[in-house]
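As provided, query-v4.cif (mmCIF, C-alpha atoms) reads as follows.
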data_run
loop_
_atom_site.group_PDB
_atom_site.id
_atom_site.type_symbol
_atom_site.label_atom_id
_atom_site.label_comp_id
_atom_site.auth_asym_id
_atom_site.auth_seq_id
_atom_site.Cartn_x
_atom_site.Cartn_y
_atom_site.Cartn_z
ATOM 1 C CA MET A 1 25.210 3.260 23.289
ATOM 2 C CA LYS A 2 27.011 6.287 21.849
ATOM 3 C CA PRO A 3 26.615 7.040 18.124
ATOM 4 C CA SER A 4 30.344 6.678 17.519
ATOM 5 C CA GLU A 5 30.320 3.254 19.169
ATOM 6 C CA ILE A 6 27.468 2.120 16.933
ATOM 7 C CA LYS A 7 29.325 3.373 13.888
ATOM 8 C CA ASN A 8 32.567 1.668 14.866
ATOM 9 C CA ARG A 9 30.791 -1.566 15.660
ATOM 10 C CA MET A 10 29.150 -1.594 12.257
ATOM 11 C CA ILE A 11 32.408 -0.796 10.496
ATOM 12 C CA GLY A 12 34.174 -3.464 12.582
ATOM 13 C CA SER A 13 31.713 -6.164 11.666
ATOM 14 C CA LEU A 14 31.752 -5.194 7.990
ATOM 15 C CA ASP A 15 35.574 -5.096 8.053
ATOM 16 C CA ALA A 16 36.009 -8.485 9.588
ATOM 17 C CA GLY A 17 33.885 -10.030 6.869
ATOM 18 C CA ILE A 18 32.016 -11.957 9.525
ATOM 19 C CA ASP A 19 28.353 -12.801 9.301
ATOM 20 C CA THR A 20 26.641 -9.487 9.859
ATOM 21 C CA VAL A 21 23.122 -10.889 10.102
ATOM 22 C CA GLY A 22 22.655 -10.243 13.788
ATOM 23 C CA ILE A 23 24.176 -6.788 13.949
ATOM 24 C CA PHE A 24 20.966 -4.824 13.496
ATOM 25 C CA GLU A 25 19.156 -7.034 15.952
ATOM 26 C CA GLU A 26 21.774 -6.141 18.557
ATOM 27 C CA MET A 27 21.340 -2.486 17.691
ATOM 28 C CA GLU A 28 17.610 -2.753 18.234
ATOM 29 C CA LYS A 29 18.346 -3.965 21.724
ATOM 30 C CA ASP A 30 20.422 -0.804 22.172
ATOM 31 C CA GLY A 31 17.390 1.285 21.250
ATOM 32 C CA ILE A 32 17.824 1.889 17.531
ATOM 33 C CA SER A 33 14.299 1.655 16.310
ATOM 34 C CA PHE A 34 13.204 -0.241 13.238
ATOM 35 C CA ASP A 35 9.574 -0.352 14.282
ATOM 36 C CA PHE A 36 6.491 1.734 13.579
ATOM 37 C CA SER A 37 4.792 4.035 16.056
ATOM 38 C CA ASN A 38 2.745 2.555 18.911
ATOM 39 C CA ASP A 39 -0.632 3.290 17.321
ATOM 40 C CA PHE A 40 0.328 1.705 14.006
ATOM 41 C CA ASP A 41 -1.945 -1.360 14.470
ATOM 42 C CA GLU A 42 -5.003 0.761 15.259
ATOM 43 C CA LYS A 43 -4.323 3.021 12.268
ATOM 44 C CA VAL A 44 -4.098 0.030 9.921
ATOM 45 C CA ILE A 45 -7.251 -1.616 11.303
ATOM 46 C CA GLY A 46 -9.065 1.727 11.140
ATOM 47 C CA ARG A 47 -8.044 2.311 7.536
ATOM 48 C CA VAL A 48 -8.840 -1.247 6.423
ATOM 49 C CA PHE A 49 -12.259 -1.517 8.011
ATOM 50 C CA ASN A 50 -13.351 2.082 7.416
ATOM 51 C CA THR A 51 -12.453 1.726 3.761
ATOM 52 C CA LYS A 52 -14.457 -1.478 3.717
ATOM 53 C CA ASN A 53 -17.489 0.303 5.161
ATOM 54 C CA GLU A 54 -17.107 3.130 2.659
ATOM 55 C CA GLU A 55 -16.985 0.571 -0.127
ATOM 56 C CA ILE A 56 -20.177 -1.100 1.135
ATOM 57 C CA VAL A 57 -21.940 2.290 1.248
ATOM 58 C CA GLU A 58 -20.712 3.028 -2.280
ATOM 59 C CA VAL A 59 -21.952 -0.333 -3.602
ATOM 60 C CA GLU A 60 -25.342 0.163 -1.896
ATOM 61 C CA PHE A 61 -25.634 3.636 -3.418
ATOM 62 C CA ILE A 62 -24.878 2.312 -6.906
ATOM 63 C CA ARG A 63 -27.439 -0.493 -6.437
ATOM 64 C CA SER A 64 -30.195 1.869 -5.322
ATOM 65 C CA MET A 65 -29.342 4.253 -8.184
ATOM 66 C CA THR A 66 -29.706 1.384 -10.648
ATOM 67 C CA ARG A 67 -33.075 0.452 -9.110
ATOM 68 C CA VAL A 68 -34.264 4.071 -9.350
ATOM 69 C CA PHE A 69 -33.063 4.260 -12.957
ATOM 70 C CA TYR A 70 -35.021 1.119 -13.906
ATOM 71 C CA ARG A 71 -38.178 2.475 -12.259
ATOM 72 C CA ILE A 72 -37.858 5.808 -14.047
ATOM 73 C CA ALA A 73 -37.202 4.030 -17.360
ATOM 74 C CA LEU A 74 -40.236 1.732 -16.909
ATOM 75 C CA THR A 75 -42.474 4.661 -16.014
ATOM 76 C CA GLY A 76 -41.243 6.493 -19.119
ATOM 77 C CA VAL A 77 -41.934 3.503 -21.372
ATOM 78 C CA ALA A 78 -45.439 3.123 -19.872
ATOM 79 C CA ALA A 79 -46.145 6.831 -20.462
ATOM 80 C CA ILE A 80 -45.004 6.588 -24.106
ATOM 81 C CA VAL A 81 -47.218 3.514 -24.693
ATOM 82 C CA LEU A 82 -50.232 5.290 -23.156
ATOM 83 C CA MET A 83 -49.561 8.345 -25.300
ATOM 84 C CA LEU A 84 -49.377 6.206 -28.482
ATOM 85 C CA ILE A 85 -52.658 4.471 -27.588
ATOM 86 C CA SER A 86 -54.395 7.771 -26.943
ATOM 87 C CA ILE A 87 -53.070 9.229 -30.229
ATOM 88 C CA PHE A 88 -54.289 6.168 -32.092
ATOM 89 C CA LEU A 89 -57.717 6.400 -30.483
ATOM 90 C CA MET A 90 -58.063 10.127 -31.129
ATOM 91 C CA GLU A 91 -56.496 10.410 -34.580
ATOM 92 C CA GLY A 92 -57.241 6.933 -35.915
ATOM 93 C CA SER A 93 -53.660 6.273 -36.985
ATOM 94 C CA LEU A 94 -50.057 6.545 -35.815
ATOM 95 C CA SER A 95 -48.742 8.615 -38.753
ATOM 96 C CA PHE A 96 -46.411 11.604 -38.397
ATOM 97 C CA ASN A 97 -49.349 13.965 -38.884
ATOM 98 C CA SER A 98 -51.238 12.230 -36.102
ATOM 99 C CA PHE A 99 -48.319 12.884 -33.800
ATOM 100 C CA LEU A 100 -48.462 16.562 -34.733
ATOM 101 C CA GLY A 101 -52.225 16.602 -34.208
ATOM 102 C CA LEU A 102 -52.874 17.119 -37.951
ATOM 103 C CA GLY A 103 -54.373 13.691 -38.653
ATOM 104 C CA ASN A 104 -57.846 14.933 -39.630
ATOM 105 C CA SER A 105 -56.870 18.267 -41.195
ATOM 106 C CA TYR A 106 -56.705 19.037 -44.899
ATOM 107 C CA ASP A 107 -53.899 21.190 -46.280
ATOM 108 C CA GLU A 108 -56.283 24.045 -47.088
ATOM 109 C CA SER A 109 -57.770 24.150 -43.627
ATOM 110 C CA THR A 110 -54.245 24.170 -42.144
ATOM 111 C CA ILE A 111 -53.293 27.148 -44.337
ATOM 112 C CA CYS A 112 -56.521 28.909 -43.308
ATOM 113 C CA LEU A 113 -55.767 28.154 -39.692
ATOM 114 C CA LEU A 114 -52.206 29.511 -39.935
ATOM 115 C CA THR A 115 -52.824 32.564 -42.134
ATOM 116 C CA GLY A 116 -56.323 33.482 -40.957
ATOM 117 C CA ASN A 117 -57.621 33.733 -44.601
ATOM 118 C CA MET B 1 -14.010 -19.067 17.741
ATOM 119 C CA ILE B 2 -14.120 -16.857 20.813
ATOM 120 C CA LYS B 3 -12.802 -13.333 20.199
ATOM 121 C CA GLY B 4 -9.374 -12.677 21.640
ATOM 122 C CA SER B 5 -8.264 -16.276 21.316
ATOM 123 C CA TYR B 6 -6.536 -15.578 18.001
ATOM 124 C CA SER B 7 -3.208 -14.744 19.601
ATOM 125 C CA GLU B 8 -2.182 -18.399 19.469
ATOM 126 C CA ALA B 9 -3.975 -19.133 16.199
ATOM 127 C CA GLU B 10 -2.346 -20.715 13.170
ATOM 128 C CA GLU B 11 -1.718 -18.676 10.014
ATOM 129 C CA ASP B 12 -4.414 -20.335 7.914
ATOM 130 C CA GLU B 13 -6.985 -19.821 10.647
ATOM 131 C CA LEU B 14 -6.103 -16.130 10.850
ATOM 132 C CA VAL B 15 -6.191 -15.783 7.086
ATOM 133 C CA SER B 16 -9.619 -17.363 6.655
ATOM 134 C CA ALA B 17 -11.054 -15.361 9.570
ATOM 135 C CA SER B 18 -9.627 -12.148 8.110
ATOM 136 C CA ILE B 19 -11.110 -12.923 4.691
ATOM 137 C CA GLY B 20 -14.440 -13.203 6.481
ATOM 138 C CA GLY B 21 -13.906 -9.666 7.803
ATOM 139 C CA ASP B 22 -12.803 -10.549 11.343
ATOM 140 C CA LYS B 23 -11.143 -7.431 12.713
ATOM 141 C CA GLN B 24 -9.590 -9.288 15.632
ATOM 142 C CA ALA B 25 -7.935 -11.903 13.418
ATOM 143 C CA PHE B 26 -6.498 -9.315 11.062
ATOM 144 C CA GLY B 27 -5.297 -7.330 14.076
ATOM 145 C CA VAL B 28 -3.277 -10.354 15.173
ATOM 146 C CA ILE B 29 -1.700 -10.618 11.703
ATOM 147 C CA VAL B 30 -0.751 -6.925 11.844
ATOM 148 C CA ALA B 31 0.703 -7.255 15.336
ATOM 149 C CA ARG B 32 2.622 -10.392 14.378
ATOM 150 C CA TYR B 33 4.253 -9.031 11.233
ATOM 151 C CA ARG B 34 4.503 -5.278 11.799
ATOM 152 C CA LYS B 35 8.098 -5.444 12.974
ATOM 153 C CA MET B 36 9.153 -7.487 9.973
ATOM 154 C CA VAL B 37 7.487 -4.981 7.645
ATOM 155 C CA ALA B 38 8.974 -2.064 9.594
ATOM 156 C CA ARG B 39 12.483 -3.413 9.146
ATOM 157 C CA THR B 40 12.068 -3.671 5.393
ATOM 158 C CA VAL B 41 10.261 -0.383 4.923
ATOM 159 C CA LYS B 42 12.303 1.673 7.378
ATOM 160 C CA GLY B 43 15.526 0.058 6.235
ATOM 161 C CA MET B 44 14.715 1.126 2.699
ATOM 162 C CA LEU B 45 12.940 4.460 3.223
ATOM 163 C CA GLY B 46 14.493 5.670 6.461
ATOM 164 C CA ASP B 47 12.864 6.621 9.727
ATOM 165 C CA SER B 48 10.367 8.941 8.090
ATOM 166 C CA ILE B 49 6.617 9.464 8.101
ATOM 167 C CA PHE B 50 6.551 8.080 4.564
ATOM 168 C CA ALA B 51 7.796 4.741 5.886
ATOM 169 C CA GLU B 52 4.843 4.561 8.268
ATOM 170 C CA ASP B 53 2.442 5.266 5.384
ATOM 171 C CA VAL B 54 3.990 2.600 3.195
ATOM 172 C CA GLY B 55 3.825 0.198 6.149
ATOM 173 C CA GLN B 56 0.090 0.832 6.411
ATOM 174 C CA GLU B 57 -0.318 0.357 2.658
ATOM 175 C CA VAL B 58 1.410 -3.026 2.949
ATOM 176 C CA PHE B 59 -1.215 -4.307 5.379
ATOM 177 C CA ILE B 60 -4.110 -2.739 3.479
ATOM 178 C CA LYS B 61 -2.903 -4.402 0.287
ATOM 179 C CA LEU B 62 -2.456 -7.643 2.216
ATOM 180 C CA PHE B 63 -6.042 -7.494 3.479
ATOM 181 C CA TYR B 64 -7.469 -7.079 -0.015
ATOM 182 C CA SER B 65 -5.260 -9.778 -1.494
ATOM 183 C CA LEU B 66 -5.734 -12.371 1.255
ATOM 184 C CA ALA B 67 -8.348 -14.144 -0.849
ATOM 185 C CA ASP B 68 -5.626 -14.729 -3.484
ATOM 186 C CA PHE B 69 -3.206 -16.180 -0.920
ATOM 187 C CA ARG B 70 -3.101 -19.883 -1.694
ATOM 188 C CA GLY B 71 -0.843 -20.870 1.170
ATOM 189 C CA GLU B 72 1.893 -22.202 -1.113
ATOM 190 C CA SER B 73 4.429 -20.009 0.653
ATOM 191 C CA LYS B 74 4.507 -18.787 4.241
ATOM 192 C CA LEU B 75 2.333 -15.792 5.059
ATOM 193 C CA SER B 76 5.468 -13.940 6.190
ATOM 194 C CA THR B 77 7.037 -14.445 2.744
ATOM 195 C CA TYR B 78 3.855 -13.226 1.085
ATOM 196 C CA ILE B 79 3.785 -10.100 3.281
ATOM 197 C CA GLN B 80 7.490 -9.534 2.746
ATOM 198 C CA ARG B 81 7.001 -9.593 -1.038
ATOM 199 C CA ILE B 82 4.254 -6.993 -0.782
ATOM 200 C CA ALA B 83 6.492 -4.861 1.453
ATOM 201 C CA VAL B 84 9.453 -5.093 -0.928
ATOM 202 C CA ASN B 85 7.323 -4.274 -3.979
ATOM 203 C CA LEU B 86 5.564 -1.315 -2.374
ATOM 204 C CA THR B 87 8.843 0.036 -0.993
ATOM 205 C CA LEU B 88 10.578 -0.219 -4.350
ATOM 206 C CA ASN B 89 7.581 1.464 -6.004
ATOM 207 C CA GLU B 90 7.764 4.260 -3.450
ATOM 208 C CA ILE B 91 11.476 4.745 -4.133
ATOM 209 C CA LYS B 92 10.767 4.963 -7.872
ATOM 210 C CA ARG B 93 7.872 7.357 -7.286
ATOM 211 C CA ARG B 94 10.004 9.588 -5.097
ATOM 212 C CA LYS B 95 12.874 9.565 -7.550
ATOM 213 C CA ARG B 96 10.500 10.786 -10.252
ATOM 214 C CA PHE B 97 8.947 13.362 -7.930
ATOM 215 C CA PHE B 98 12.207 14.758 -6.565
ATOM 216 C CA SER B 99 13.904 14.771 -9.936
ATOM 217 C CA MET B 100 11.170 17.183 -11.063
ATOM 218 C CA PHE B 101 11.962 19.672 -8.305
ATOM 219 C CA SER B 102 15.516 19.064 -7.254
ATOM 220 C CA GLN B 103 18.851 17.973 -8.591
ATOM 221 C CA LYS B 104 19.843 16.476 -5.278
ATOM 222 C CA GLY B 105 17.793 13.350 -5.810
ATOM 223 C CA ASN B 106 16.186 11.427 -3.014
ATOM 224 C CA ASN B 107 18.499 12.456 -0.188
ATOM 225 C CA GLU B 108 16.339 15.460 0.653
ATOM 226 C CA MET B 109 13.329 13.441 1.581
ATOM 227 C CA HIS B 110 14.863 12.199 4.770
ATOM 228 C CA GLU B 111 14.754 15.598 6.383
ATOM 229 C CA ILE B 112 11.416 14.714 7.962
ATOM 230 C CA GLU B 113 12.225 12.435 10.814
ATOM 231 C CA VAL B 114 9.966 10.896 13.396
ATOM 232 C CA ALA B 115 10.842 12.468 16.718
ATOM 233 C CA ASP B 116 10.014 9.437 18.757
ATOM 234 C CA HIS B 117 13.277 8.548 20.430
ATOM 235 C CA ASP B 118 13.955 8.311 24.106
ATOM 236 C CA THR B 119 17.216 10.123 24.384
ATOM 237 C CA GLU B 120 19.349 12.408 22.303
ATOM 238 C CA GLU B 121 22.063 9.775 22.141
ATOM 239 C CA LYS B 122 19.712 7.100 20.849
ATOM 240 C CA ARG B 123 18.287 9.547 18.350
ATOM 241 C CA GLU B 124 21.753 10.387 17.052
ATOM 242 C CA ALA B 125 22.770 6.741 16.853
ATOM 243 C CA SER B 126 19.574 5.888 15.052
ATOM 244 C CA GLU B 127 20.123 8.804 12.685
ATOM 245 C CA ILE B 128 23.592 7.549 11.774
ATOM 246 C CA VAL B 129 22.300 4.066 10.945
ATOM 247 C CA HIS B 130 19.351 5.352 8.926
ATOM 248 C CA LYS B 131 21.469 7.993 7.177
ATOM 249 C CA ALA B 132 24.063 5.428 6.209
ATOM 250 C CA LEU B 133 21.401 3.129 4.789
ATOM 251 C CA GLN B 134 19.725 5.956 2.901
ATOM 252 C CA LYS B 135 22.969 7.001 1.263
ATOM 253 C CA MET B 136 23.349 3.570 -0.254
ATOM 254 C CA ASP B 137 22.368 2.676 -3.776
ATOM 255 C CA PRO B 138 18.799 1.266 -3.522
ATOM 256 C CA LYS B 139 19.814 -1.990 -5.225
ATOM 257 C CA PHE B 140 22.455 -2.542 -2.518
ATOM 258 C CA ARG B 141 20.258 -1.172 0.243
ATOM 259 C CA ILE B 142 17.579 -3.776 -0.391
ATOM 260 C CA ILE B 143 20.180 -6.546 -0.121
ATOM 261 C CA ILE B 144 21.494 -5.161 3.174
ATOM 262 C CA THR B 145 17.936 -4.794 4.466
ATOM 263 C CA MET B 146 16.951 -8.332 3.570
ATOM 264 C CA ARG B 147 20.181 -9.976 4.621
ATOM 265 C CA MET B 148 21.387 -7.999 7.627
ATOM 266 C CA LEU B 149 18.194 -6.434 8.928
ATOM 267 C CA GLN B 150 15.722 -9.229 8.265
ATOM 268 C CA GLY B 151 18.208 -12.037 8.634
ATOM 269 C CA TYR B 152 17.206 -13.864 5.460
ATOM 270 C CA SER B 153 19.728 -16.235 3.921
ATOM 271 C CA THR B 154 21.213 -15.294 0.560
ATOM 272 C CA LYS B 155 19.044 -17.990 -1.052
ATOM 273 C CA GLU B 156 15.883 -16.583 0.547
ATOM 274 C CA THR B 157 16.924 -13.057 -0.416
ATOM 275 C CA ALA B 158 17.452 -14.180 -4.011
ATOM 276 C CA GLU B 159 14.021 -15.830 -4.089
ATOM 277 C CA MET B 160 12.328 -12.863 -2.509
ATOM 278 C CA LEU B 161 13.864 -10.366 -4.917
ATOM 279 C CA GLU B 162 13.670 -12.749 -7.883
ATOM 280 C CA LEU B 163 17.391 -12.379 -8.551
ATOM 281 C CA PRO B 164 19.999 -15.035 -9.311
ATOM 282 C CA LEU B 165 21.930 -16.231 -6.262
ATOM 283 C CA GLY B 166 25.226 -15.093 -7.773
ATOM 284 C CA THR B 167 23.884 -11.558 -8.245
ATOM 285 C CA VAL B 168 22.778 -11.413 -4.618
ATOM 286 C CA LEU B 169 26.174 -12.634 -3.413
ATOM 287 C CA SER B 170 28.115 -10.107 -5.499
ATOM 288 C CA ARG B 171 25.721 -7.290 -4.567
ATOM 289 C CA LEU B 172 26.005 -8.221 -0.898
ATOM 290 C CA SER B 173 29.757 -7.926 -0.916
ATOM 291 C CA ARG B 174 29.615 -4.614 -2.830
ATOM 292 C CA ALA B 175 26.841 -3.400 -0.526
ATOM 293 C CA GLN B 176 28.941 -4.120 2.543
ATOM 294 C CA GLU B 177 31.858 -2.237 1.013
ATOM 295 C CA GLN B 178 29.609 0.702 0.172
ATOM 296 C CA LEU B 179 28.076 0.772 3.649
ATOM 297 C CA LYS B 180 31.506 0.696 5.243
ATOM 298 C CA GLY B 181 32.665 3.576 3.055
ATOM 299 C CA ILE B 182 29.594 5.631 3.927
ATOM 300 C CA LEU B 183 29.947 4.954 7.657
ATOM 301 C CA GLU B 184 33.583 6.014 7.632
ATOM 302 C CA LYS B 185 32.654 9.347 6.066
ATOM 303 C CA LEU B 186 29.809 10.048 8.505
#

Spit out the file's structure as structure tokens when you get a sec.
Amino acid sequence: MKPSEIKNRMIGSLDAGIDTVGIFEEMEKDGISFDFSNDFDEKVIGRVFNTKNEEIVEVEFIRSMTRVFYRIALTGVAAIVLMLISIFLMEGSLSFNSFLGLGNSYDESTICLLTGN
Amino acid sequence: MIKGSYSEAEEDELVSASIGGDKQAFGVIVARYRKMVARTVKGMLGDSIFAEDVGQEVFIKLFYSLADFRGESKLSTYIQRIAVNLTLNEIKRRKRFFSMFSQKGNNEMHEIEVADHDTEEKREASEIVHKALQKMDPKFRIIITMRMLQGYSTKETAEMLELPLGTVLSRLSRAQEQLKGILEKL
């Protein structure tokens, strides 16, 4: 159908005030497209299910990261506890000086140690 | 269920299979409703590559919201609502975008056309129809799309767009006048 015919038909139907519901359907029969491209379905399916896979990978990554984080945190806590025990055993207390390795030193001996006098 | 036998399946069967991640079942939903979505989206956005993208977004959004579909309305109505909302959002987004760069508004965006028509004559005819629709005020265009392109009754159109029936009726008559005026000038 020629473009001018389409135009006139639309104007005619709008002019007459008749029910225009079917007009576009008729035009579709004449080749005026109101549809997507042929590969539309595949594109949608591809996007939906690829996104889904990506999401699964992302969730798995976050889960394994959390597991790794917990392991690192537990190892750290265990190391700190061991260090505290060894400090207590070596210095006899858990004071600030013990942490600095000064638990058994007197002030004078520290000054001697630092100044060399 | 054996794969490939979904073509005759009922809506609820397709929905529950799709929720379970059945590609085949969701493929049948897409194939069944793509034309309906295309009419809404292309009627509103024109025969452009953007329309195809929005069409894809409609089905992606549908897939992720299928679990919320309670079956109170028809699946087609549910899809149509998603299509209308996404299309209207796209129109708003474009208006904002184009108003930043151009004074001509959203008419420029229809320069990119899909060259997928059989003959020159068909292409021209199609261009006239799409151009006429695009020149309409979006609030009238949506009424024309729903009523004339999709074939919904005025009551259904009112429900779909959440507008009073009287508003739809008055907009329909003004939309028809506007469309006629545009066609005469083309």

Nearby residues (only C-alpha atoms) at most 12 Å from Phe26 (chain B), same-chain spacing under 4 positions excluded, as a PyMOL selection string: (chain A and resi 41-42+44-46+48-49) or (chain B and resi 3-4+6-7+9+11-22+30-34+59-60+62-64+66)

Could you make a table, as a Markdown table, of the residues of chain B that have an atom within 7 Å of an atom of chain A, each with its nearest atom pair and distance in Å to one decimal, counting all atoms listed in the file, in chain and number order?
| residue | atom | partner | partner_atom | distance |
| --- | --- | --- | --- | --- |
| B:Gly27 | CA | A:Ile45 | CA | 6.6 |
| B:Val30 | CA | A:Asp41 | CA | 6.3 |
| B:Ala31 | CA | A:Asp41 | CA | 6.5 |
| B:Lys35 | CA | A:Asp35 | CA | 5.5 |
| B:Ala38 | CA | A:Asp35 | CA | 5.0 |
| B:Arg39 | CA | A:Phe34 | CA | 5.2 |
| B:Lys42 | CA | A:Phe34 | CA | 6.2 |
| B:Glu52 | CA | A:Phe36 | CA | 6.2 |
| B:Gln56 | CA | A:Val44 | CA | 5.5 |
| B:Phe59 | CA | A:Val44 | CA | 6.9 |
| B:Ile60 | CA | A:Val48 | CA | 5.8 |
| B:Glu121 | CA | A:Lys2 | CA | 6.1 |
| B:Lys122 | CA | A:Gly31 | CA | 6.3 |
| B:Glu124 | CA | A:Pro3 | CA | 6.0 |
| B:Ala125 | CA | A:Pro3 | CA | 4.1 |
| B:Ser126 | CA | A:Ile32 | CA | 5.0 |
| B:Arg147 | CA | A:Val21 | CA | 6.3 |
| B:Met148 | CA | A:Val21 | CA | 4.2 |
| B:Leu149 | CA | A:Phe24 | CA | 5.6 |
| B:Gly151 | CA | A:Val21 | CA | 5.3 |
| B:Gln176 | CA | A:Leu14 | CA | 6.2 |
| B:Lys180 | CA | A:Ile11 | CA | 5.5 |
| B:Leu183 | CA | A:Lys7 | CA | 6.5 |

Pairwise distance for CA of Arg63 (chain A) and CA of Asp68 (chain B), rounded to one decimal in Å: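 CA of Asp68 (chain B) lies at a distance of 26.2 Å from CA of Arg63 (chain A).
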
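Put simply, the PyMOL selection byres ((chain B and resi 88) around 10) in this file takes in Val41, Met44, Leu45, Ile82, Ala83, Val84, Asn85, Leu86, Thr87, Asn89, Glu90, Ile91, Lys92, Arg93, Arg94, Pro138, Lys139 and Ile142 of chain B.
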
Resolved residues for the PyMOL selection byres ((chain B and resi 158-170) around 8) as number ranges by chain: B: 77, 80-81, 84, 143, 154-157, 171-174

Straight-line distance linking CA of Leu113 (chain A) with CA of Ser98 (chain A), stated in Å to one decimal: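 Distance between the two atoms: 16.9 Å.
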
Pairwise distance for CA of Ala79 (chain A) and CA of Leu94 (chain A), rounded to one decimal in Å: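 These two atoms are separated by 15.8 Å.
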
Work out where the centre of an axis-aligned box around every listed atom of region 66-78 of chain B lies and how long its edges are once 5 Å is added on each side; give both in Å to one decimal as JSON.
{"center_x": -0.7, "center_y": -17.3, "center_z": 1.4, "size_x": 25.4, "size_y": 19.8, "size_z": 19.7}

Ground truth for the PyMOL selection byres ((chain B and resi 135) around 10), written as a PyMOL selection string: chain B and resi 106-107+130-134+136-138+141+178-179+182-183

Could those residues be written to a file, using C-alpha atoms, as a PDB file, in the frame of the given file?
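The resulting file, again11.pdb, is reproduced below:
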ATOM      1  CA  ASN B 106      16.186  11.427  -3.014  1.00  0.00           C
ATOM      2  CA  ASN B 107      18.499  12.456  -0.188  1.00  0.00           C
ATOM      3  CA  HIS B 130      19.351   5.352   8.926  1.00  0.00           C
ATOM      4  CA  LYS B 131      21.469   7.993   7.177  1.00  0.00           C
ATOM      5  CA  ALA B 132      24.063   5.428   6.209  1.00  0.00           C
ATOM      6  CA  LEU B 133      21.401   3.129   4.789  1.00  0.00           C
ATOM      7  CA  GLN B 134      19.725   5.956   2.901  1.00  0.00           C
ATOM      8  CA  MET B 136      23.349   3.570  -0.254  1.00  0.00           C
ATOM      9  CA  ASP B 137      22.368   2.676  -3.776  1.00  0.00           C
ATOM     10  CA  PRO B 138      18.799   1.266  -3.522  1.00  0.00           C
ATOM     11  CA  ARG B 141      20.258  -1.172   0.243  1.00  0.00           C
ATOM     12  CA  GLN B 178      29.609   0.702   0.172  1.00  0.00           C
ATOM     13  CA  LEU B 179      28.076   0.772   3.649  1.00  0.00           C
ATOM     14  CA  ILE B 182      29.594   5.631   3.927  1.00  0.00           C
ATOM     15  CA  LEU B 183      29.947   4.954   7.657  1.00  0.00           C
TER      16      LEU B 183
END
